[in-house]
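Student: Here you go, one structure.
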Amino acid sequence: ATGNNPKIIQLDQINKIASNDEFQNSLIQALSDGFVAFENGDFFTAPIQTLGAPPMAPFVDGESDYAGQTCVKSGYFRNNPYYVIKVASGCHPLPNSGLMQVYSQKTGRLDALLLDDGILTELRTAALGALSARLFGPKELQSIGMLGTGVQARYQLRMLQSVTPCRRVHVWGRNREKAQALATEMNKEGWDVSTTKEADELLQACEIIVTTTCARESVLGNEVYDKEKIK
């Protein structure tokens with residue numbers, strides 16, 4: 001910050017930092033360290049505020065397949081210079097957007113605004129998926145299942161590159177055209193992606209399944225449930 005004016009970090013600056021080769025590994029490890037700090041009583045967070053989603057009224061009335069919401073999250077580490085408040089919006093019909101506010105623990109003043117447009121939330125979510133795969137997934141993977149075809153599906157796969165050499169992916173989505181579009185896009189990035197007709201096919205074909213859907217009802221396991229695959 002300069003004087004009493006917060007430093008403003010634009011989206012292009014954030015994208016430049018996030019495209020660094022070491023960024024993914026650093027982010028995954030930072031999240032791991034954060035969980036350890038939370039377990040040790042050194043990280044604190046307030047209850048999440050969720051607007052525009054049940055039990056509250058939607059932002060937009062009469063919208064089919066409405067799933068939009070805005071979440072306000074906050075937290076801080078003990079003996080750290082800053083605390084952070086994040087506002088993020090997304091899911092149909094809202095485009096992904098957001099920002100992060102960085103405050104001084106010493107003065108309570110706003111020190112920085114990160115105008116990330118929701119990108120840091122996407123990266124954080126994907127990094128948590130990668131961390132889960134690293135800690136709880138099989139050491140050797142033959143196939144990865146992807147449930148969902150949106151932007152987070154893409155981030156999840158890109159982040160998984162940091163924790164597994166597996167590039168074989170089976171994708172299911174409610175919209176077959178979007179599933180095929182995801183497969184075509186990720187195949188150009190070096191993945192081996194195919195689509196499935198039924199969601200439960202992922203249970204039989206994949207050792208881990210990443211869920212990136214806004215569905216409010218169960219999608220997987222309604223007809224087939226293989227306990228040897230889901231651990």
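Ordering of the structure tokens sets the chain letters (A, B, ...); residue numbers start at 1 within each chain; ligands are numbered from 1 in the order shown.
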May I have all residues of region 118-209 of chain A that DSSP, computed from the backbone, assigns to strand (DSSP E), given as a list of chain:residue names?
Tutor: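 Taking region 118-209 of chain A and keeping strand (DSSP E) only, one gets A:Ile144, A:Gly145, A:Met146, A:Leu147, A:Arg168, A:Val169, A:His170, A:Val171, A:Trp172, A:Asp192, A:Val193, A:Ser194, A:Thr195, A:Ile208, A:Ile209.
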Student: Within 10 Å of Phe59 (chain A), counting only C-alpha atoms, which residues show up once you throw out same-chain ones fewer than 6 positions away? Write them as a PyMOL selection string, please.
Tutor: chain A and resi 51-53+66-70+93-94
Student: Generate a file of the selected residues that holds N, CA, C and O atoms, formatted as a PDB file, in the first residue's frame.
Tutor:
ATOM      1  N   LEU A  51     -24.841 -15.945  -0.488  1.00  0.00           N
ATOM      2  CA  LEU A  51     -25.961 -15.133  -0.951  1.00  0.00           C
ATOM      3  C   LEU A  51     -26.485 -15.677  -2.280  1.00  0.00           C
ATOM      4  O   LEU A  51     -25.722 -16.194  -3.100  1.00  0.00           O
ATOM      5  N   GLY A  52     -27.796 -15.550  -2.489  1.00  0.00           N
ATOM      6  CA  GLY A  52     -28.382 -15.924  -3.770  1.00  0.00           C
ATOM      7  C   GLY A  52     -28.658 -17.389  -3.951  1.00  0.00           C
ATOM      8  O   GLY A  52     -29.028 -17.828  -5.033  1.00  0.00           O
ATOM      9  N   ALA A  53     -28.457 -18.202  -2.889  1.00  0.00           N
ATOM     10  CA  ALA A  53     -28.688 -19.640  -2.967  1.00  0.00           C
ATOM     11  C   ALA A  53     -29.561 -20.061  -1.793  1.00  0.00           C
ATOM     12  O   ALA A  53     -29.624 -19.366  -0.772  1.00  0.00           O
ATOM     13  N   TYR A  66     -31.156 -22.759 -12.328  1.00  0.00           N
ATOM     14  CA  TYR A  66     -30.449 -21.734 -11.562  1.00  0.00           C
ATOM     15  C   TYR A  66     -29.584 -22.379 -10.487  1.00  0.00           C
ATOM     16  O   TYR A  66     -30.023 -23.238  -9.736  1.00  0.00           O
ATOM     17  N   ALA A  67     -28.311 -21.955 -10.413  1.00  0.00           N
ATOM     18  CA  ALA A  67     -27.396 -22.452  -9.387  1.00  0.00           C
ATOM     19  C   ALA A  67     -26.468 -21.345  -8.887  1.00  0.00           C
ATOM     20  O   ALA A  67     -25.493 -21.607  -8.201  1.00  0.00           O
ATOM     21  N   GLY A  68     -26.764 -20.096  -9.250  1.00  0.00           N
ATOM     22  CA  GLY A  68     -25.878 -18.983  -8.933  1.00  0.00           C
ATOM     23  C   GLY A  68     -25.766 -18.700  -7.448  1.00  0.00           C
ATOM     24  O   GLY A  68     -26.702 -18.945  -6.677  1.00  0.00           O
ATOM     25  N   GLN A  69     -24.626 -18.190  -7.046  1.00  0.00           N
ATOM     26  CA  GLN A  69     -24.427 -17.800  -5.657  1.00  0.00           C
ATOM     27  C   GLN A  69     -23.190 -16.918  -5.532  1.00  0.00           C
ATOM     28  O   GLN A  69     -22.302 -16.936  -6.392  1.00  0.00           O
ATOM     29  N   THR A  70     -23.166 -16.123  -4.477  1.00  0.00           N
ATOM     30  CA  THR A  70     -21.989 -15.347  -4.114  1.00  0.00           C
ATOM     31  C   THR A  70     -21.565 -15.764  -2.714  1.00  0.00           C
ATOM     32  O   THR A  70     -22.396 -15.794  -1.795  1.00  0.00           O
ATOM     33  N   PRO A  93     -26.822 -18.672 -13.530  1.00  0.00           N
ATOM     34  CA  PRO A  93     -26.413 -18.010 -14.773  1.00  0.00           C
ATOM     35  C   PRO A  93     -25.310 -16.968 -14.566  1.00  0.00           C
ATOM     36  O   PRO A  93     -25.074 -16.155 -15.453  1.00  0.00           O
ATOM     37  N   LEU A  94     -24.663 -16.983 -13.422  1.00  0.00           N
ATOM     38  CA  LEU A  94     -23.653 -15.967 -13.128  1.00  0.00           C
ATOM     39  C   LEU A  94     -22.303 -16.347 -13.728  1.00  0.00           C
ATOM     40  O   LEU A  94     -21.859 -17.491 -13.581  1.00  0.00           O
TER      41      LEU A  94
END
Student: For Trp191 (chain A), list every protein, DNA or RNA residue within 12 Å, evaluated using only C-alpha atoms, and leave out those in the same chain fewer than 2 positions away; present the list as a list in words.
Tutor: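 Result of the neighbour search: Ser143, Ile144, Arg154, Leu157, Arg158, Leu160, Gln161, Pro165, Cys166, Arg167, Arg168, Val169, His170, Val171, Leu182, Ala183, Thr184, Glu185, Met186, Asn187, Lys188, Glu189, Val193 and Ser194 of chain A.
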Student: Please indicate the distance in Å from CA of Ala133 (chain A) to CA of Gln24 (chain A), rounded to one decimal place.
Tutor: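 Those two atoms sit 14.2 Å apart.
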Student: Output as an mmCIF file with N, CA, C and O atoms, in the first residue's frame all residues of region 20-198 of chain A that backbone DSSP marks as alpha helix (DSSP H).
Tutor:
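To be explicit, this is the file written out as out08.cif:
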data_model
loop_
_atom_site.group_PDB
_atom_site.id
_atom_site.type_symbol
_atom_site.label_atom_id
_atom_site.label_comp_id
_atom_site.auth_asym_id
_atom_site.auth_seq_id
_atom_site.Cartn_x
_atom_site.Cartn_y
_atom_site.Cartn_z
ATOM 1 N N PHE A 23 4.518 -22.278 -9.675
ATOM 2 C CA PHE A 23 3.356 -21.791 -8.936
ATOM 3 C C PHE A 23 2.457 -22.921 -8.461
ATOM 4 O O PHE A 23 1.999 -22.909 -7.309
ATOM 5 N N GLN A 24 2.168 -23.898 -9.330
ATOM 6 C CA GLN A 24 1.248 -24.963 -8.958
ATOM 7 C C GLN A 24 1.745 -25.739 -7.751
ATOM 8 O O GLN A 24 0.999 -25.964 -6.786
ATOM 9 N N ASN A 25 3.004 -26.158 -7.782
ATOM 10 C CA ASN A 25 3.542 -26.917 -6.657
ATOM 11 C C ASN A 25 3.543 -26.082 -5.383
ATOM 12 O O ASN A 25 3.245 -26.590 -4.293
ATOM 13 N N SER A 26 3.884 -24.809 -5.506
ATOM 14 C CA SER A 26 3.909 -23.932 -4.338
ATOM 15 C C SER A 26 2.514 -23.756 -3.752
ATOM 16 O O SER A 26 2.332 -23.740 -2.530
ATOM 17 N N LEU A 27 1.508 -23.628 -4.624
ATOM 18 C CA LEU A 27 0.135 -23.448 -4.161
ATOM 19 C C LEU A 27 -0.356 -24.701 -3.452
ATOM 20 O O LEU A 27 -0.973 -24.618 -2.376
ATOM 21 N N ILE A 28 -0.111 -25.865 -4.032
ATOM 22 C CA ILE A 28 -0.544 -27.115 -3.411
ATOM 23 C C ILE A 28 0.097 -27.279 -2.039
ATOM 24 O O ILE A 28 -0.566 -27.650 -1.059
ATOM 25 N N GLN A 29 1.390 -26.981 -1.932
ATOM 26 C CA GLN A 29 2.076 -27.115 -0.655
ATOM 27 C C GLN A 29 1.579 -26.078 0.355
ATOM 28 O O GLN A 29 1.444 -26.379 1.546
ATOM 29 N N ALA A 30 1.273 -24.873 -0.106
ATOM 30 C CA ALA A 30 0.762 -23.842 0.790
ATOM 31 C C ALA A 30 -0.579 -24.259 1.393
ATOM 32 O O ALA A 30 -0.843 -24.027 2.586
ATOM 33 N N LEU A 31 -1.429 -24.882 0.599
ATOM 34 C CA LEU A 31 -2.709 -25.359 1.111
ATOM 35 C C LEU A 31 -2.505 -26.483 2.124
ATOM 36 O O LEU A 31 -3.189 -26.542 3.150
ATOM 37 N N SER A 32 -1.558 -27.367 1.835
ATOM 38 C CA SER A 32 -1.242 -28.425 2.783
ATOM 39 C C SER A 32 -0.773 -27.832 4.108
ATOM 40 O O SER A 32 -1.217 -28.250 5.187
ATOM 41 N N ASP A 33 0.104 -26.847 4.034
ATOM 42 C CA ASP A 33 0.592 -26.184 5.249
ATOM 43 C C ASP A 33 -0.553 -25.490 5.989
ATOM 44 O O ASP A 33 -0.567 -25.443 7.231
ATOM 45 N N GLY A 34 -1.511 -24.963 5.231
ATOM 46 C CA GLY A 34 -2.652 -24.302 5.847
ATOM 47 C C GLY A 34 -3.510 -25.262 6.658
ATOM 48 O O GLY A 34 -3.972 -24.914 7.758
ATOM 49 N N PHE A 35 -3.729 -26.461 6.144
ATOM 50 C CA PHE A 35 -4.497 -27.451 6.887
ATOM 51 C C PHE A 35 -3.783 -27.850 8.169
ATOM 52 O O PHE A 35 -4.410 -28.056 9.210
ATOM 53 N N VAL A 36 -2.457 -27.972 8.096
ATOM 54 C CA VAL A 36 -1.677 -28.302 9.293
ATOM 55 C C VAL A 36 -1.820 -27.190 10.327
ATOM 56 O O VAL A 36 -2.014 -27.450 11.517
ATOM 57 N N ALA A 37 -1.743 -25.935 9.858
ATOM 58 C CA ALA A 37 -1.895 -24.800 10.771
ATOM 59 C C ALA A 37 -3.286 -24.787 11.408
ATOM 60 O O ALA A 37 -3.427 -24.508 12.602
ATOM 61 N N PHE A 38 -4.304 -25.099 10.617
ATOM 62 C CA PHE A 38 -5.665 -25.153 11.152
ATOM 63 C C PHE A 38 -5.777 -26.228 12.228
ATOM 64 O O PHE A 38 -6.368 -26.004 13.301
ATOM 65 N N GLU A 39 -5.217 -27.390 11.961
ATOM 66 C CA GLU A 39 -5.256 -28.493 12.922
ATOM 67 C C GLU A 39 -4.520 -28.126 14.204
ATOM 68 O O GLU A 39 -4.927 -28.529 15.301
ATOM 69 N N ILE A 119 -10.309 -16.019 -10.566
ATOM 70 C CA ILE A 119 -9.271 -16.961 -10.991
ATOM 71 C C ILE A 119 -8.587 -17.618 -9.801
ATOM 72 O O ILE A 119 -8.299 -18.830 -9.813
ATOM 73 N N LEU A 120 -8.306 -16.845 -8.743
ATOM 74 C CA LEU A 120 -7.641 -17.424 -7.574
ATOM 75 C C LEU A 120 -8.521 -18.467 -6.897
ATOM 76 O O LEU A 120 -8.020 -19.461 -6.356
ATOM 77 N N THR A 121 -9.832 -18.271 -6.929
ATOM 78 C CA THR A 121 -10.743 -19.279 -6.401
ATOM 79 C C THR A 121 -10.676 -20.548 -7.248
ATOM 80 O O THR A 121 -10.649 -21.668 -6.720
ATOM 81 N N GLU A 122 -10.650 -20.388 -8.572
ATOM 82 C CA GLU A 122 -10.535 -21.555 -9.457
ATOM 83 C C GLU A 122 -9.240 -22.325 -9.179
ATOM 84 O O GLU A 122 -9.233 -23.556 -9.085
ATOM 85 N N LEU A 123 -8.134 -21.588 -9.050
ATOM 86 C CA LEU A 123 -6.840 -22.223 -8.815
ATOM 87 C C LEU A 123 -6.798 -22.897 -7.450
ATOM 88 O O LEU A 123 -6.269 -24.002 -7.308
ATOM 89 N N ARG A 124 -7.341 -22.215 -6.433
ATOM 90 C CA ARG A 124 -7.365 -22.798 -5.089
ATOM 91 C C ARG A 124 -8.156 -24.101 -5.070
ATOM 92 O O ARG A 124 -7.725 -25.107 -4.498
ATOM 93 N N THR A 125 -9.353 -24.064 -5.706
ATOM 94 C CA THR A 125 -10.195 -25.255 -5.739
ATOM 95 C C THR A 125 -9.488 -26.403 -6.448
ATOM 96 O O THR A 125 -9.505 -27.550 -5.984
ATOM 97 N N ALA A 126 -8.860 -26.113 -7.571
ATOM 98 C CA ALA A 126 -8.145 -27.147 -8.316
ATOM 99 C C ALA A 126 -6.959 -27.678 -7.521
ATOM 100 O O ALA A 126 -6.668 -28.879 -7.539
ATOM 101 N N ALA A 127 -6.260 -26.805 -6.828
ATOM 102 C CA ALA A 127 -5.109 -27.232 -6.030
ATOM 103 C C ALA A 127 -5.540 -28.154 -4.896
ATOM 104 O O ALA A 127 -4.821 -29.105 -4.546
ATOM 105 N N LEU A 128 -6.712 -27.905 -4.322
ATOM 106 C CA LEU A 128 -7.222 -28.794 -3.280
ATOM 107 C C LEU A 128 -7.538 -30.176 -3.849
ATOM 108 O O LEU A 128 -7.328 -31.197 -3.189
ATOM 109 N N GLY A 129 -8.057 -30.209 -5.080
ATOM 110 C CA GLY A 129 -8.284 -31.493 -5.728
ATOM 111 C C GLY A 129 -6.986 -32.251 -5.927
ATOM 112 O O GLY A 129 -6.902 -33.463 -5.682
ATOM 113 N N ALA A 130 -5.956 -31.534 -6.352
ATOM 114 C CA ALA A 130 -4.643 -32.161 -6.548
ATOM 115 C C ALA A 130 -4.052 -32.632 -5.227
ATOM 116 O O ALA A 130 -3.450 -33.719 -5.139
ATOM 117 N N LEU A 131 -4.205 -31.834 -4.180
ATOM 118 C CA LEU A 131 -3.704 -32.219 -2.860
ATOM 119 C C LEU A 131 -4.420 -33.472 -2.367
ATOM 120 O O LEU A 131 -3.785 -34.390 -1.814
ATOM 121 N N SER A 132 -5.730 -33.549 -2.560
ATOM 122 C CA SER A 132 -6.487 -34.735 -2.168
ATOM 123 C C SER A 132 -6.012 -35.967 -2.916
ATOM 124 O O SER A 132 -5.864 -37.046 -2.332
ATOM 125 N N ALA A 133 -5.759 -35.801 -4.223
ATOM 126 C CA ALA A 133 -5.267 -36.930 -5.020
ATOM 127 C C ALA A 133 -3.890 -37.361 -4.534
ATOM 128 O O ALA A 133 -3.593 -38.562 -4.470
ATOM 129 N N ARG A 134 -3.045 -36.403 -4.168
ATOM 130 C CA ARG A 134 -1.694 -36.722 -3.696
ATOM 131 C C ARG A 134 -1.715 -37.462 -2.364
ATOM 132 O O ARG A 134 -0.967 -38.413 -2.149
ATOM 133 N N LEU A 135 -2.622 -37.047 -1.484
ATOM 134 C CA LEU A 135 -2.652 -37.626 -0.136
ATOM 135 C C LEU A 135 -3.462 -38.914 -0.054
ATOM 136 O O LEU A 135 -3.093 -39.830 0.687
ATOM 137 N N PHE A 136 -4.571 -38.986 -0.799
ATOM 138 C CA PHE A 136 -5.508 -40.084 -0.614
ATOM 139 C C PHE A 136 -5.668 -40.986 -1.837
ATOM 140 O O PHE A 136 -6.252 -42.069 -1.724
ATOM 141 N N VAL A 151 -15.348 -24.766 -16.514
ATOM 142 C CA VAL A 151 -13.997 -24.234 -16.396
ATOM 143 C C VAL A 151 -13.217 -24.932 -15.296
ATOM 144 O O VAL A 151 -12.008 -25.164 -15.430
ATOM 145 N N GLN A 152 -13.878 -25.339 -14.192
ATOM 146 C CA GLN A 152 -13.156 -25.980 -13.099
ATOM 147 C C GLN A 152 -12.622 -27.349 -13.510
ATOM 148 O O GLN A 152 -11.572 -27.782 -13.022
ATOM 149 N N ALA A 153 -13.308 -28.039 -14.404
ATOM 150 C CA ALA A 153 -12.798 -29.313 -14.904
ATOM 151 C C ALA A 153 -11.435 -29.120 -15.565
ATOM 152 O O ALA A 153 -10.519 -29.936 -15.403
ATOM 153 N N ARG A 154 -11.293 -28.048 -16.288
ATOM 154 C CA ARG A 154 -10.017 -27.748 -16.949
ATOM 155 C C ARG A 154 -8.934 -27.433 -15.933
ATOM 156 O O ARG A 154 -7.808 -27.934 -16.032
ATOM 157 N N TYR A 155 -9.264 -26.605 -14.941
ATOM 158 C CA TYR A 155 -8.277 -26.268 -13.905
ATOM 159 C C TYR A 155 -7.869 -27.508 -13.115
ATOM 160 O O TYR A 155 -6.691 -27.670 -12.750
ATOM 161 N N GLN A 156 -8.824 -28.384 -12.824
ATOM 162 C CA GLN A 156 -8.500 -29.594 -12.063
ATOM 163 C C GLN A 156 -7.492 -30.462 -12.805
ATOM 164 O O GLN A 156 -6.515 -30.941 -12.216
ATOM 165 N N LEU A 157 -7.721 -30.657 -14.086
ATOM 166 C CA LEU A 157 -6.794 -31.487 -14.848
ATOM 167 C C LEU A 157 -5.411 -30.852 -14.917
ATOM 168 O O LEU A 157 -4.392 -31.530 -14.748
ATOM 169 N N ARG A 158 -5.359 -29.561 -15.166
ATOM 170 C CA ARG A 158 -4.055 -28.887 -15.252
ATOM 171 C C ARG A 158 -3.308 -28.957 -13.929
ATOM 172 O O ARG A 158 -2.081 -29.112 -13.910
ATOM 173 N N MET A 159 -4.019 -28.873 -12.810
ATOM 174 C CA MET A 159 -3.363 -28.937 -11.509
ATOM 175 C C MET A 159 -2.937 -30.362 -11.183
ATOM 176 O O MET A 159 -1.906 -30.578 -10.520
ATOM 177 N N LEU A 160 -3.699 -31.357 -11.648
ATOM 178 C CA LEU A 160 -3.344 -32.755 -11.397
ATOM 179 C C LEU A 160 -2.015 -33.133 -12.038
ATOM 180 O O LEU A 160 -1.362 -34.092 -11.617
ATOM 181 N N ARG A 176 -23.596 -33.400 -23.878
ATOM 182 C CA ARG A 176 -22.593 -34.184 -24.614
ATOM 183 C C ARG A 176 -21.675 -33.297 -25.448
ATOM 184 O O ARG A 176 -20.490 -33.579 -25.613
ATOM 185 N N GLU A 177 -22.231 -32.215 -25.998
ATOM 186 C CA GLU A 177 -21.413 -31.312 -26.809
ATOM 187 C C GLU A 177 -20.336 -30.637 -25.967
ATOM 188 O O GLU A 177 -19.186 -30.496 -26.401
ATOM 189 N N LYS A 178 -20.694 -30.228 -24.748
ATOM 190 C CA LYS A 178 -19.709 -29.601 -23.870
ATOM 191 C C LYS A 178 -18.668 -30.609 -23.414
ATOM 192 O O LYS A 178 -17.484 -30.277 -23.268
ATOM 193 N N ALA A 179 -19.086 -31.854 -23.199
ATOM 194 C CA ALA A 179 -18.134 -32.895 -22.827
ATOM 195 C C ALA A 179 -17.132 -33.132 -23.947
ATOM 196 O O ALA A 179 -15.923 -33.269 -23.708
ATOM 197 N N GLN A 180 -17.619 -33.171 -25.180
ATOM 198 C CA GLN A 180 -16.723 -33.376 -26.311
ATOM 199 C C GLN A 180 -15.803 -32.177 -26.506
ATOM 200 O O GLN A 180 -14.621 -32.323 -26.846
ATOM 201 N N ALA A 181 -16.324 -30.974 -26.257
ATOM 202 C CA ALA A 181 -15.495 -29.774 -26.376
ATOM 203 C C ALA A 181 -14.360 -29.796 -25.355
ATOM 204 O O ALA A 181 -13.221 -29.417 -25.659
ATOM 205 N N LEU A 182 -14.664 -30.235 -24.140
ATOM 206 C CA LEU A 182 -13.631 -30.363 -23.116
ATOM 207 C C LEU A 182 -12.583 -31.376 -23.537
ATOM 208 O O LEU A 182 -11.375 -31.129 -23.411
ATOM 209 N N ALA A 183 -13.033 -32.524 -24.052
ATOM 210 C CA ALA A 183 -12.098 -33.556 -24.493
ATOM 211 C C ALA A 183 -11.188 -33.039 -25.602
ATOM 212 O O ALA A 183 -9.965 -33.238 -25.568
ATOM 213 N N THR A 184 -11.763 -32.349 -26.576
ATOM 214 C CA THR A 184 -10.975 -31.824 -27.693
ATOM 215 C C THR A 184 -9.945 -30.818 -27.205
ATOM 216 O O THR A 184 -8.766 -30.863 -27.611
ATOM 217 N N GLU A 185 -10.356 -29.921 -26.304
ATOM 218 C CA GLU A 185 -9.450 -28.896 -25.790
ATOM 219 C C GLU A 185 -8.300 -29.505 -24.995
ATOM 220 O O GLU A 185 -7.135 -29.141 -25.188
ATOM 221 N N MET A 186 -8.616 -30.435 -24.096
ATOM 222 C CA MET A 186 -7.571 -30.995 -23.241
ATOM 223 C C MET A 186 -6.678 -31.972 -24.005
ATOM 224 O O MET A 186 -5.497 -32.128 -23.671
ATOM 225 N N ASN A 187 -7.209 -32.617 -25.037
ATOM 226 C CA ASN A 187 -6.362 -33.478 -25.864
ATOM 227 C C ASN A 187 -5.264 -32.661 -26.550
ATOM 228 O O ASN A 187 -4.141 -33.139 -26.741
#
